[in-house]
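Engineer: Sharing upload.cif here; it has mmCIF, C-alpha atoms and all ligand atoms.
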```
data_my_file
#
loop_
_atom_site.group_PDB
_atom_site.id
_atom_site.type_symbol
_atom_site.label_atom_id
_atom_site.label_comp_id
_atom_site.auth_asym_id
_atom_site.auth_seq_id
_atom_site.Cartn_x
_atom_site.Cartn_y
_atom_site.Cartn_z
ATOM 1 C CA ALA A 1 3.039 44.223 -38.903
ATOM 2 C CA THR A 2 5.997 46.321 -39.974
ATOM 3 C CA PRO A 3 9.449 45.330 -38.722
ATOM 4 C CA THR A 4 9.421 48.409 -36.497
ATOM 5 C CA ALA A 5 6.061 47.518 -34.974
ATOM 6 C CA VAL A 6 7.297 43.967 -34.321
ATOM 7 C CA MET A 7 10.426 45.330 -32.683
ATOM 8 C CA VAL A 8 8.474 47.687 -30.469
ATOM 9 C CA ALA A 9 6.062 44.925 -29.454
ATOM 10 C CA THR A 10 8.741 42.337 -28.707
ATOM 11 C CA GLY A 11 10.597 44.938 -26.670
ATOM 12 C CA LYS A 12 7.471 45.770 -24.744
ATOM 13 C CA GLY A 13 6.749 42.068 -24.246
ATOM 14 C CA ALA A 14 10.260 41.416 -22.977
ATOM 15 C CA SER A 15 9.957 44.210 -20.424
ATOM 16 C CA GLN A 16 6.816 42.472 -19.108
ATOM 17 C CA GLY A 17 8.394 39.026 -19.004
ATOM 18 C CA VAL A 18 6.850 37.798 -22.246
ATOM 19 C CA LEU A 19 9.612 36.702 -24.586
ATOM 20 C CA ILE A 20 8.389 36.613 -28.188
ATOM 21 C CA LYS A 21 10.685 34.854 -30.614
ATOM 22 C CA GLY A 22 10.077 36.482 -33.962
ATOM 23 C CA GLY A 23 7.289 38.141 -35.870
ATOM 24 C CA ASN A 24 5.285 35.037 -36.776
ATOM 25 C CA ALA A 25 4.056 34.357 -33.261
ATOM 26 C CA LEU A 26 3.134 38.012 -32.867
ATOM 27 C CA GLU A 27 1.185 37.902 -36.152
ATOM 28 C CA ASN A 28 -0.650 34.725 -35.153
ATOM 29 C CA ALA A 29 -1.463 35.495 -31.527
ATOM 30 C CA HIS A 30 -4.214 38.039 -32.235
ATOM 31 C CA LYS A 31 -6.139 35.423 -34.268
ATOM 32 C CA VAL A 32 -6.124 32.798 -31.512
ATOM 33 C CA LYS A 33 -9.568 31.312 -30.900
ATOM 34 C CA THR A 34 -8.507 28.292 -28.859
ATOM 35 C CA VAL A 35 -5.936 27.961 -26.096
ATOM 36 C CA VAL A 36 -4.871 24.415 -25.280
ATOM 37 C CA PHE A 37 -3.429 24.069 -21.778
ATOM 38 C CA ASP A 38 -1.316 21.220 -20.459
ATOM 39 C CA LYS A 39 -2.345 20.284 -16.908
ATOM 40 C CA THR A 40 0.654 19.355 -14.779
ATOM 41 C CA GLY A 41 3.057 22.251 -14.299
ATOM 42 C CA THR A 42 0.979 24.528 -16.521
ATOM 43 C CA LEU A 43 -2.476 24.906 -14.959
ATOM 44 C CA THR A 44 -1.204 23.396 -11.729
ATOM 45 C CA ALA A 45 1.787 24.557 -9.743
ATOM 46 C CA GLY A 46 3.669 21.432 -10.864
ATOM 47 C CA LYS A 47 4.860 20.738 -7.339
ATOM 48 C CA PRO A 48 2.808 17.727 -6.342
ATOM 49 C CA VAL A 49 2.983 16.466 -2.794
ATOM 50 C CA VAL A 50 2.087 13.054 -1.407
ATOM 51 C CA VAL A 51 -1.129 13.411 0.573
ATOM 52 C CA SER A 52 -2.146 9.790 1.108
ATOM 53 C CA THR A 53 -0.599 6.314 1.203
ATOM 54 C CA LYS A 54 -2.232 2.902 1.247
ATOM 55 C CA LEU A 55 -0.460 -0.405 1.724
ATOM 56 C CA PHE A 56 -2.165 -3.537 0.431
ATOM 57 C CA PHE A 57 0.246 -5.944 2.114
ATOM 58 C CA ASN A 58 1.935 -5.933 5.457
ATOM 59 C CA MET A 59 5.133 -3.977 5.001
ATOM 60 C CA PRO A 60 6.779 -1.171 7.004
ATOM 61 C CA ILE A 61 5.887 2.154 5.396
ATOM 62 C CA LEU A 62 9.540 3.294 5.521
ATOM 63 C CA GLU A 63 10.598 0.238 3.592
ATOM 64 C CA PHE A 64 7.788 0.818 1.091
ATOM 65 C CA TYR A 65 8.947 4.395 0.485
ATOM 66 C CA ASP A 66 12.593 3.345 0.319
ATOM 67 C CA MET A 67 11.786 0.996 -2.544
ATOM 68 C CA ALA A 68 9.575 3.508 -4.355
ATOM 69 C CA ALA A 69 12.004 6.405 -3.842
ATOM 70 C CA ALA A 70 14.979 4.335 -4.990
ATOM 71 C CA ALA A 71 13.160 3.511 -8.238
ATOM 72 C CA GLU A 72 12.189 7.183 -8.718
ATOM 73 C CA ALA A 73 15.548 8.649 -7.679
ATOM 74 C CA ASN A 74 16.769 9.140 -11.254
ATOM 75 C CA SER A 75 13.508 10.435 -12.698
ATOM 76 C CA GLU A 76 12.977 14.122 -13.493
ATOM 77 C CA HIS A 77 9.207 13.812 -13.239
ATOM 78 C CA PRO A 78 7.534 16.019 -10.587
ATOM 79 C CA ILE A 79 5.726 12.948 -9.221
ATOM 80 C CA ALA A 80 9.088 11.235 -8.752
ATOM 81 C CA LYS A 81 10.332 14.233 -6.775
ATOM 82 C CA ALA A 82 7.218 14.078 -4.588
ATOM 83 C CA VAL A 83 7.791 10.390 -3.828
ATOM 84 C CA VAL A 84 11.459 10.945 -2.970
ATOM 85 C CA GLU A 85 10.604 13.971 -0.788
ATOM 86 C CA HIS A 86 7.911 12.101 1.084
ATOM 87 C CA GLY A 87 10.246 9.186 1.747
ATOM 88 C CA LYS A 88 12.810 11.598 3.203
ATOM 89 C CA LYS A 89 10.188 13.280 5.347
ATOM 90 C CA LEU A 90 8.950 9.987 6.793
ATOM 91 C CA ARG A 91 12.477 8.938 7.565
ATOM 92 C CA GLN A 92 13.110 12.220 9.412
ATOM 93 C CA GLN A 93 9.878 11.731 11.371
ATOM 94 C CA TYR A 94 10.203 8.077 12.254
ATOM 95 C CA GLY A 95 13.935 7.678 12.146
ATOM 96 C CA SER A 96 16.041 4.745 11.266
ATOM 97 C CA TYR A 97 14.673 1.306 10.709
ATOM 98 C CA ASN A 98 17.857 0.973 8.745
ATOM 99 C CA ASP A 99 20.093 3.357 6.878
ATOM 100 C CA HIS A 100 21.017 0.913 4.193
ATOM 101 C CA VAL A 101 20.599 2.312 0.706
ATOM 102 C CA ALA A 102 19.573 -0.316 -1.801
ATOM 103 C CA GLU A 103 21.460 -0.573 -5.057
ATOM 104 C CA VAL A 104 19.473 0.554 -8.086
ATOM 105 C CA GLN A 105 20.019 -1.090 -11.440
ATOM 106 C CA GLU A 106 18.208 -1.305 -14.774
ATOM 107 C CA PHE A 107 16.397 2.033 -14.299
ATOM 108 C CA GLU A 108 13.962 2.714 -17.114
ATOM 109 C CA VAL A 109 11.503 5.503 -17.885
ATOM 110 C CA TYR A 110 8.139 4.826 -19.494
ATOM 111 C CA THR A 111 7.103 8.292 -20.652
ATOM 112 C CA GLY A 112 3.582 9.093 -19.533
ATOM 113 C CA ALA A 113 3.379 5.926 -17.427
ATOM 114 C CA GLY A 114 6.137 5.725 -14.809
ATOM 115 C CA VAL A 115 9.468 4.104 -14.074
ATOM 116 C CA THR A 116 10.890 0.651 -13.423
ATOM 117 C CA ALA A 117 14.078 -0.420 -11.692
ATOM 118 C CA ASN A 118 15.788 -3.287 -10.001
ATOM 119 C CA VAL A 119 16.129 -2.213 -6.360
ATOM 120 C CA GLY A 120 18.357 -4.449 -4.288
ATOM 121 C CA GLY A 121 17.447 -7.404 -6.488
ATOM 122 C CA ARG A 122 13.709 -6.740 -6.505
ATOM 123 C CA LYS A 123 11.750 -5.576 -9.526
ATOM 124 C CA VAL A 124 10.015 -2.307 -8.647
ATOM 125 C CA LEU A 125 7.445 -0.509 -10.808
ATOM 126 C CA VAL A 126 6.177 2.971 -9.910
ATOM 127 C CA GLY A 127 3.531 4.522 -12.093
ATOM 128 C CA ASN A 128 -0.022 4.424 -13.344
ATOM 129 C CA LYS A 129 -2.334 1.572 -14.296
ATOM 130 C CA ARG A 130 -0.985 1.553 -17.834
ATOM 131 C CA LEU A 131 2.483 0.726 -16.510
ATOM 132 C CA MET A 132 1.053 -2.169 -14.493
ATOM 133 C CA GLN A 133 -0.718 -3.451 -17.595
ATOM 134 C CA VAL A 134 2.477 -3.329 -19.635
ATOM 135 C CA PHE A 135 4.110 -5.617 -17.065
ATOM 136 C CA GLN A 136 0.968 -7.722 -16.563
ATOM 137 C CA VAL A 137 0.722 -6.863 -12.885
ATOM 138 C CA PRO A 138 -2.862 -7.525 -11.751
ATOM 139 C CA VAL A 139 -4.811 -4.551 -10.388
ATOM 140 C CA SER A 140 -7.211 -5.830 -7.710
ATOM 141 C CA PRO A 141 -10.652 -4.333 -7.018
ATOM 142 C CA GLU A 142 -9.247 -3.020 -3.716
ATOM 143 C CA VAL A 143 -6.566 -1.102 -5.630
ATOM 144 C CA GLU A 144 -9.161 0.112 -8.161
ATOM 145 C CA ASP A 145 -11.330 1.444 -5.320
ATOM 146 C CA TYR A 146 -8.468 3.413 -3.806
ATOM 147 C CA MET A 147 -7.548 4.799 -7.229
ATOM 148 C CA SER A 148 -11.043 6.019 -7.991
ATOM 149 C CA ASP A 149 -11.465 7.511 -4.502
ATOM 150 C CA MET A 150 -8.274 9.535 -4.979
ATOM 151 C CA GLU A 151 -9.096 10.559 -8.552
ATOM 152 C CA GLN A 152 -12.504 11.908 -7.533
ATOM 153 C CA LEU A 153 -10.559 14.216 -5.196
ATOM 154 C CA ALA A 154 -8.476 15.496 -8.152
ATOM 155 C CA ARG A 155 -5.446 13.582 -6.891
ATOM 156 C CA THR A 156 -3.207 11.438 -9.082
ATOM 157 C CA CYS A 157 -2.822 7.881 -7.841
ATOM 158 C CA VAL A 158 0.583 6.224 -8.151
ATOM 159 C CA LEU A 159 0.836 2.435 -7.939
ATOM 160 C CA VAL A 160 3.896 0.646 -6.608
ATOM 161 C CA SER A 161 4.522 -2.938 -7.605
ATOM 162 C CA ILE A 162 7.276 -5.025 -6.019
ATOM 163 C CA ASP A 163 8.140 -8.374 -7.614
ATOM 164 C CA GLY A 164 4.951 -8.561 -9.628
ATOM 165 C CA ARG A 165 2.287 -7.454 -7.168
ATOM 166 C CA ILE A 166 0.945 -4.058 -6.164
ATOM 167 C CA THR A 167 2.255 -3.617 -2.647
ATOM 168 C CA GLY A 168 0.897 -0.145 -2.104
ATOM 169 C CA ALA A 169 -0.329 3.032 -3.687
ATOM 170 C CA LEU A 170 -0.003 6.698 -2.941
ATOM 171 C CA ALA A 171 -1.802 9.811 -4.039
ATOM 172 C CA VAL A 172 -0.281 13.123 -4.989
ATOM 173 C CA SER A 173 -2.052 16.442 -5.024
ATOM 174 C CA ASP A 174 -0.936 19.262 -7.263
ATOM 175 C CA PRO A 175 -2.956 22.401 -6.594
ATOM 176 C CA LEU A 176 -4.036 24.801 -9.322
ATOM 177 C CA LYS A 177 -2.017 27.969 -9.846
ATOM 178 C CA PRO A 178 -3.868 30.775 -8.072
ATOM 179 C CA GLU A 179 -4.496 32.703 -11.310
ATOM 180 C CA ALA A 180 -5.615 29.717 -13.422
ATOM 181 C CA GLU A 181 -9.358 30.084 -13.004
ATOM 182 C CA ARG A 182 -9.255 33.855 -13.536
ATOM 183 C CA VAL A 183 -7.285 33.470 -16.779
ATOM 184 C CA VAL A 184 -9.677 30.861 -18.190
ATOM 185 C CA SER A 185 -12.681 33.091 -17.519
ATOM 186 C CA PHE A 186 -10.894 36.170 -18.851
ATOM 187 C CA LEU A 187 -10.063 34.314 -22.089
ATOM 188 C CA GLN A 188 -13.714 33.375 -22.333
ATOM 189 C CA SER A 189 -14.620 37.063 -22.125
ATOM 190 C CA MET A 190 -12.227 37.581 -25.076
ATOM 191 C CA LYS A 191 -14.204 34.885 -27.000
ATOM 192 C CA ILE A 192 -11.297 32.469 -26.694
ATOM 193 C CA SER A 193 -12.059 28.945 -25.523
ATOM 194 C CA SER A 194 -9.782 26.963 -23.228
ATOM 195 C CA ILE A 195 -9.094 23.242 -23.560
ATOM 196 C CA MET A 196 -7.041 20.865 -21.416
ATOM 197 C CA VAL A 197 -4.770 18.079 -22.665
ATOM 198 C CA THR A 198 -2.931 15.848 -20.234
ATOM 199 C CA GLY A 199 -1.146 12.555 -19.882
ATOM 200 C CA ASP A 200 -2.884 12.066 -16.549
ATOM 201 C CA ASN A 201 -5.986 9.873 -16.198
ATOM 202 C CA TRP A 202 -9.520 10.957 -17.092
ATOM 203 C CA ALA A 203 -10.981 11.129 -13.591
ATOM 204 C CA THR A 204 -8.219 13.352 -12.178
ATOM 205 C CA ALA A 205 -8.176 15.477 -15.345
ATOM 206 C CA ASN A 206 -11.944 16.008 -15.190
ATOM 207 C CA ALA A 207 -11.815 16.934 -11.510
ATOM 208 C CA ILE A 208 -9.091 19.544 -12.152
ATOM 209 C CA ALA A 209 -10.910 20.861 -15.243
ATOM 210 C CA ARG A 210 -14.062 21.357 -13.201
ATOM 211 C CA GLU A 211 -12.089 23.360 -10.617
ATOM 212 C CA VAL A 212 -10.569 25.656 -13.230
ATOM 213 C CA GLY A 213 -13.691 26.042 -15.382
ATOM 214 C CA ILE A 214 -12.578 24.127 -18.470
ATOM 215 C CA ILE A 215 -15.252 22.056 -20.207
ATOM 216 C CA THR A 216 -13.280 20.303 -22.962
ATOM 217 C CA VAL A 217 -10.718 17.800 -21.705
ATOM 218 C CA PHE A 218 -8.479 15.241 -23.402
ATOM 219 C CA ALA A 219 -6.764 12.928 -20.908
ATOM 220 C CA GLU A 220 -4.380 9.972 -21.174
ATOM 221 C CA THR A 221 -2.731 11.535 -24.233
ATOM 222 C CA ASP A 222 0.902 10.904 -25.100
ATOM 223 C CA PRO A 223 3.140 13.638 -26.612
ATOM 224 C CA VAL A 224 2.130 12.752 -30.182
ATOM 225 C CA GLY A 225 -1.538 12.693 -29.170
ATOM 226 C CA LYS A 226 -1.215 16.198 -27.758
ATOM 227 C CA ALA A 227 0.148 17.480 -31.087
ATOM 228 C CA GLU A 228 -2.611 15.663 -32.973
ATOM 229 C CA LYS A 229 -5.264 17.432 -30.902
ATOM 230 C CA ILE A 230 -3.764 20.778 -31.913
ATOM 231 C CA LYS A 231 -3.878 19.775 -35.574
ATOM 232 C CA GLU A 232 -7.514 18.682 -35.261
ATOM 233 C CA TYR A 233 -8.510 22.147 -34.105
ATOM 234 C CA GLN A 234 -6.413 23.763 -36.821
ATOM 235 C CA MET A 235 -8.169 21.592 -39.391
ATOM 236 C CA LYS A 236 -11.451 23.127 -38.224
ATOM 237 C CA GLY A 237 -9.946 26.459 -39.273
ATOM 238 C CA MET A 238 -8.986 27.704 -35.837
ATOM 239 C CA THR A 239 -5.806 29.476 -34.824
ATOM 240 C CA VAL A 240 -4.532 27.559 -31.825
ATOM 241 C CA ALA A 241 -2.191 28.471 -28.982
ATOM 242 C CA MET A 242 -0.635 25.759 -26.837
ATOM 243 C CA VAL A 243 0.637 26.430 -23.323
ATOM 244 C CA GLY A 244 2.933 23.810 -21.817
ATOM 245 C CA ASP A 245 5.979 23.173 -19.677
ATOM 246 C CA GLY A 246 7.235 19.655 -20.322
ATOM 247 C CA ILE A 247 9.230 17.609 -22.808
ATOM 248 C CA ASN A 248 5.942 15.828 -23.442
ATOM 249 C CA ASP A 249 4.436 19.135 -24.635
ATOM 250 C CA SER A 250 7.168 19.933 -27.193
ATOM 251 C CA PRO A 251 5.522 18.363 -30.271
ATOM 252 C CA ALA A 252 2.282 20.221 -29.448
ATOM 253 C CA LEU A 253 4.166 23.498 -28.880
ATOM 254 C CA VAL A 254 5.737 23.106 -32.327
ATOM 255 C CA ALA A 255 2.415 22.169 -33.970
ATOM 256 C CA ALA A 256 0.521 25.134 -32.494
ATOM 257 C CA ASP A 257 0.213 28.479 -34.299
ATOM 258 C CA VAL A 258 1.528 30.015 -31.111
ATOM 259 C CA GLY A 259 3.470 27.758 -28.747
ATOM 260 C CA MET A 260 3.848 29.259 -25.287
ATOM 261 C CA ALA A 261 6.246 27.733 -22.781
ATOM 262 C CA ILE A 262 6.147 28.204 -19.029
ATOM 263 C CA GLY A 263 9.430 29.853 -18.008
ATOM 264 C CA ALA A 264 9.957 27.376 -15.186
ATOM 265 C CA GLY A 265 9.449 24.516 -17.639
ATOM 266 C CA THR A 266 12.016 22.231 -19.232
ATOM 267 C CA ASP A 267 14.583 23.611 -21.685
ATOM 268 C CA ILE A 268 13.196 21.452 -24.465
ATOM 269 C CA ALA A 269 9.733 23.010 -24.111
ATOM 270 C CA ILE A 270 11.248 26.509 -24.015
ATOM 271 C CA GLU A 271 13.186 25.790 -27.211
ATOM 272 C CA ALA A 272 10.106 24.386 -28.957
ATOM 273 C CA ALA A 273 7.959 27.429 -28.105
ATOM 274 C CA ASP A 274 7.467 30.750 -29.930
ATOM 275 C CA VAL A 275 6.709 32.616 -26.729
ATOM 276 C CA VAL A 276 8.228 32.139 -23.284
ATOM 277 C CA LEU A 277 6.260 33.220 -20.220
ATOM 278 C CA ILE A 278 9.279 34.117 -18.099
ATOM 279 C CA LYS A 279 7.304 34.665 -14.892
ATOM 280 C CA SER A 280 5.490 31.326 -15.305
ATOM 281 C CA ASN A 281 2.295 33.266 -14.676
ATOM 282 C CA LEU A 282 -0.718 32.283 -16.773
ATOM 283 C CA GLU A 283 -1.918 35.919 -16.877
ATOM 284 C CA ASP A 284 0.827 36.405 -19.460
ATOM 285 C CA VAL A 285 -1.067 34.233 -21.950
ATOM 286 C CA VAL A 286 -3.490 37.172 -22.045
ATOM 287 C CA THR A 287 -0.596 39.675 -22.079
ATOM 288 C CA ALA A 288 0.835 38.020 -25.208
ATOM 289 C CA ILE A 289 -2.480 37.923 -27.059
ATOM 290 C CA ASP A 290 -3.227 41.513 -26.039
ATOM 291 C CA LEU A 291 0.137 42.705 -27.251
ATOM 292 C CA SER A 292 -0.480 41.083 -30.624
ATOM 293 C CA ARG A 293 -3.993 42.526 -30.884
ATOM 294 C CA LYS A 294 -2.718 46.022 -30.131
ATOM 295 C CA THR A 295 0.279 45.755 -32.452
ATOM 296 C CA LEU A 296 -1.757 44.545 -35.396
ATOM 297 C CA SER A 297 -4.668 46.957 -34.991
ATOM 298 C CA ARG A 298 -2.331 49.950 -34.727
ATOM 299 C CA ILE A 299 -0.937 49.458 -38.229
ATOM 300 C CA ARG A 300 -4.261 48.714 -39.941
HETATM 301 P P1 LIG B 1 1.101 15.544 -17.822
HETATM 302 O O1 LIG B 1 0.658 15.579 -19.272
HETATM 303 O O2 LIG B 1 -0.060 15.791 -16.929
HETATM 304 O O3 LIG B 1 2.234 16.536 -17.569
HETATM 305 P P2 LIG B 1 2.767 13.041 -18.023
HETATM 306 O O4 LIG B 1 2.529 12.721 -19.469
HETATM 307 O O5 LIG B 1 4.115 13.523 -17.637
HETATM 308 O O6 LIG B 1 1.595 14.031 -17.441
HETATM 309 O O7 LIG B 1 2.474 11.713 -17.174
HETATM 310 C C1 LIG B 1 1.244 11.043 -17.291
HETATM 311 C C2 LIG B 1 1.016 10.124 -16.119
HETATM 312 O O8 LIG B 1 2.011 9.087 -16.088
HETATM 313 C C3 LIG B 1 1.151 10.803 -14.768
HETATM 314 O O9 LIG B 1 -0.031 11.424 -14.385
HETATM 315 C C4 LIG B 1 1.496 9.614 -13.880
HETATM 316 O O10 LIG B 1 0.338 8.902 -13.543
HETATM 317 C C5 LIG B 1 2.361 8.751 -14.762
HETATM 318 N N1 LIG B 1 3.805 8.996 -14.566
HETATM 319 C C6 LIG B 1 4.671 9.537 -15.457
HETATM 320 N N2 LIG B 1 5.920 9.581 -14.955
HETATM 321 C C7 LIG B 1 5.856 9.076 -13.703
HETATM 322 C C8 LIG B 1 6.827 8.837 -12.664
HETATM 323 N N3 LIG B 1 8.129 9.145 -12.791
HETATM 324 N N4 LIG B 1 6.377 8.284 -11.513
HETATM 325 C C9 LIG B 1 5.079 7.964 -11.352
HETATM 326 N N5 LIG B 1 4.139 8.145 -12.280
HETATM 327 C C10 LIG B 1 4.509 8.681 -13.455
HETATM 328 MG MG MG B 2 3.260 19.343 -17.812
#
```
How does the structure come out when it is put into structure tokens?
Structural biologist:
Amino acid sequence: ATPTAVMVATGKGASQGVLIKGGNALENAHKVKTVVFDKTGTLTAGKPVVVSTKLFFNMPILEFYDMAAAAEANSEHPIAKAVVEHGKKLRQQYGSYNDHVAEVQEFEVYTGAGVTANVGGRKVLVGNKRLMQVFQVPVSPEVEDYMSDMEQLARTCVLVSIDGRITGALAVSDPLKPEAERVVSFLQSMKISSIMVTGDNWATANAIAREVGIITVFAETDPVGKAEKIKEYQMKGMTVAMVGDGINDSPALVAADVGMAIGAGTDIAIEAADVVLIKSNLEDVVTAIDLSRKTLSRIR
């Protein structure tokens, strides 16, 4: 496209809440054959809420949430926020069994797995099965059953280990964005296929994919794995767009021919992307591609 055409298109995009950084993205977007979507915060609202709790040992639920919330207090992850929120809510409902706030030390983040901390002298782990495996915490059949029940319901199960044993688990639900399904089927009508990549587990990922109408899913992928998936599709000769919101999506956003960041996402993702969807609305994936198609056909 000519510099003028690029300027007109980026101006038009900006007025619609689609920020296009430079001509390259605009040139590439009309060739996109594959859109890779992150799950959490991209296809889903990214505001998970705790919808179920199960204790495997006798322990007051307030105390359980105090421990879990203390460990999660310094995490930016949406799941961490859900755990902290739920703890607060329970406390408001059931009041004070004590108001003592445990001291948190040795807080550590395991990207794509969870967090660990020393809470009032006890070693607390909050995260997925992988985190438990790293610390050699046994996962009993009873815990496995609860996990798979929750995952079939498209919920993400979070395990909480205190001093080396899984004391309880909770499940968070993160509903799809209302437009997600419509956008996937609209892309299909444009002969563009949609794929999901996520750090979440396979069962939950598959359940969400089924809801939104995505057939191809890659779950339990770390940030590097997400970028590698993009490159695999590019190696097959396809022009690939990536849509994501998190730090964990940044390498994939950079690798993609067109990286699109959700406006409400993290700054790092926004910096890594070529296009920013200011309204955080997935319809604007189509807006961006459309704009590119129109811009490039006009000058031919
Ligand atoms: P996504 O790719 O879906 O955005 P992430 O890579 O951020 O997911 O995380 C992958 C998985 O790791 C989550 O689904 C969750 O099971 C676990 N996890 C990551 N961070 C946390 C945390 N702070 N607390 C609990 N679980 C976590
Ligand atoms: Mg995400």
Engineer: What are the closest atom pairs, with distances in Å to one decimal, for all residues of stretch 190-262 of chain A lying within 10 Å of stretch 288-291 of chain A? Consider all atoms listed in the file, order rows by chain and residue number, and present the result as JSON lines.
Structural biologist:
```
{"residue": "A:Met190", "atom": "CA", "partner": "A:Asp290", "partner_atom": "CA", "distance": 9.9}
{"residue": "A:Ala241", "atom": "CA", "partner": "A:Ile289", "partner_atom": "CA", "distance": 9.6}
{"residue": "A:Val258", "atom": "CA", "partner": "A:Ile289", "partner_atom": "CA", "distance": 9.7}
{"residue": "A:Met260", "atom": "CA", "partner": "A:Ala288", "partner_atom": "CA", "distance": 9.3}
```
Engineer: Please identify every polymer residue within 8 Å of ligand MG 2 (chain B), using only C-alpha atoms and all ligand atoms, and present the set as an NGL selection string.
Structural biologist: :A and (38-42 or 46 or 198 or 244-249)
Engineer: With the file shown as input, list the residues that the PyMOL selection byres (((not hetatm)) within 8 of (chain B and resi 1)) selects, as JSON, numbers by chain.
Structural biologist: {"A": [38, 39, 40, 41, 72, 75, 76, 77, 78, 79, 80, 109, 110, 111, 112, 113, 114, 115, 126, 127, 128, 129, 156, 157, 158, 159, 197, 198, 199, 200, 201, 220, 221, 222, 223, 245, 246, 248, 249]}
Engineer: May I have the selected residues written with C-alpha atoms, as a PDB file, keeping the file's coordinate frame?
Structural biologist:
```pdb
ATOM      1  CA  ASP A  38      -1.316  21.220 -20.459  1.00  0.00           C
ATOM      2  CA  LYS A  39      -2.345  20.284 -16.908  1.00  0.00           C
ATOM      3  CA  THR A  40       0.654  19.355 -14.779  1.00  0.00           C
ATOM      4  CA  GLY A  41       3.057  22.251 -14.299  1.00  0.00           C
ATOM      5  CA  GLU A  72      12.189   7.183  -8.718  1.00  0.00           C
ATOM      6  CA  SER A  75      13.508  10.435 -12.698  1.00  0.00           C
ATOM      7  CA  GLU A  76      12.977  14.122 -13.493  1.00  0.00           C
ATOM      8  CA  HIS A  77       9.207  13.812 -13.239  1.00  0.00           C
ATOM      9  CA  PRO A  78       7.534  16.019 -10.587  1.00  0.00           C
ATOM     10  CA  ILE A  79       5.726  12.948  -9.221  1.00  0.00           C
ATOM     11  CA  ALA A  80       9.088  11.235  -8.752  1.00  0.00           C
ATOM     12  CA  VAL A 109      11.503   5.503 -17.885  1.00  0.00           C
ATOM     13  CA  TYR A 110       8.139   4.826 -19.494  1.00  0.00           C
ATOM     14  CA  THR A 111       7.103   8.292 -20.652  1.00  0.00           C
ATOM     15  CA  GLY A 112       3.582   9.093 -19.533  1.00  0.00           C
ATOM     16  CA  ALA A 113       3.379   5.926 -17.427  1.00  0.00           C
ATOM     17  CA  GLY A 114       6.137   5.725 -14.809  1.00  0.00           C
ATOM     18  CA  VAL A 115       9.468   4.104 -14.074  1.00  0.00           C
ATOM     19  CA  VAL A 126       6.177   2.971  -9.910  1.00  0.00           C
ATOM     20  CA  GLY A 127       3.531   4.522 -12.093  1.00  0.00           C
ATOM     21  CA  ASN A 128      -0.022   4.424 -13.344  1.00  0.00           C
ATOM     22  CA  LYS A 129      -2.334   1.572 -14.296  1.00  0.00           C
ATOM     23  CA  THR A 156      -3.207  11.438  -9.082  1.00  0.00           C
ATOM     24  CA  CYS A 157      -2.822   7.881  -7.841  1.00  0.00           C
ATOM     25  CA  VAL A 158       0.583   6.224  -8.151  1.00  0.00           C
ATOM     26  CA  LEU A 159       0.836   2.435  -7.939  1.00  0.00           C
ATOM     27  CA  VAL A 197      -4.770  18.079 -22.665  1.00  0.00           C
ATOM     28  CA  THR A 198      -2.931  15.848 -20.234  1.00  0.00           C
ATOM     29  CA  GLY A 199      -1.146  12.555 -19.882  1.00  0.00           C
ATOM     30  CA  ASP A 200      -2.884  12.066 -16.549  1.00  0.00           C
ATOM     31  CA  ASN A 201      -5.986   9.873 -16.198  1.00  0.00           C
ATOM     32  CA  GLU A 220      -4.380   9.972 -21.174  1.00  0.00           C
ATOM     33  CA  THR A 221      -2.731  11.535 -24.233  1.00  0.00           C
ATOM     34  CA  ASP A 222       0.902  10.904 -25.100  1.00  0.00           C
ATOM     35  CA  PRO A 223       3.140  13.638 -26.612  1.00  0.00           C
ATOM     36  CA  ASP A 245       5.979  23.173 -19.677  1.00  0.00           C
ATOM     37  CA  GLY A 246       7.235  19.655 -20.322  1.00  0.00           C
ATOM     38  CA  ASN A 248       5.942  15.828 -23.442  1.00  0.00           C
ATOM     39  CA  ASP A 249       4.436  19.135 -24.635  1.00  0.00           C
TER      40      ASP A 249
END
```
Engineer: So what does the PyMOL selection byres (((chain A and resi 264) around 9) and not hetatm) actually pick up in this one, as a list of chain:residue names?
Structural biologist: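 Answer for the PyMOL selection byres (((chain A and resi 264) around 9) and not hetatm): A:Gly41, A:Asp245, A:Ala261, A:Ile262, A:Gly263, A:Gly265, A:Thr266, A:Asp267, A:Ile270, A:Leu277, A:Ile278, A:Lys279, A:Ser280.
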Engineer: Can you find the residues with an atom no farther than 7 Å from (-2.7, 2.2, -5.0), counting only C-alpha atoms, and report them as a ChimeraX atom specification?
Structural biologist: /A:54,143,146-147,157-160,168-170
Engineer: Using all atoms listed in the file, which residues sit within 7 Å of A:Val240 once same-chain residues fewer than 4 positions away are excluded, as a tab-separated table (two decimals) with C-alpha atoms, in the frame of the given file?
Structural biologist:
```
chain	number	residue	atom	x	y	z
A	32	VAL	CA	-6.12	32.80	-31.51
A	33	LYS	CA	-9.57	31.31	-30.90
A	34	THR	CA	-8.51	28.29	-28.86
A	35	VAL	CA	-5.94	27.96	-26.10
A	230	ILE	CA	-3.76	20.78	-31.91
A	234	GLN	CA	-6.41	23.76	-36.82
A	256	ALA	CA	0.52	25.13	-32.49
A	257	ASP	CA	0.21	28.48	-34.30
A	258	VAL	CA	1.53	30.02	-31.11
```
Engineer: Using 5 Å of padding on each side, determine the axis-aligned box around all atoms of stretch 64-71 of chain A present in the file and give its centre and edge lengths in Å to one decimal, as AutoDock Vina command-line options.
Structural biologist:
```
--center_x 11.4 --center_y 3.6 --center_z -3.6 --size_x 17.2 --size_y 15.6 --size_z 19.3
```
Engineer: For this file, the PyMOL selection byres (((chain A and resi 212) around 12) and not hetatm) selects which residues, as a count of residues only?
Structural biologist: 32
Engineer: Measure the distance from atom CA of A:Arg165 to atom CA of A:Val137 in Å and round it to one decimal.
Structural biologist: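 So the answer is 6.0 Å.
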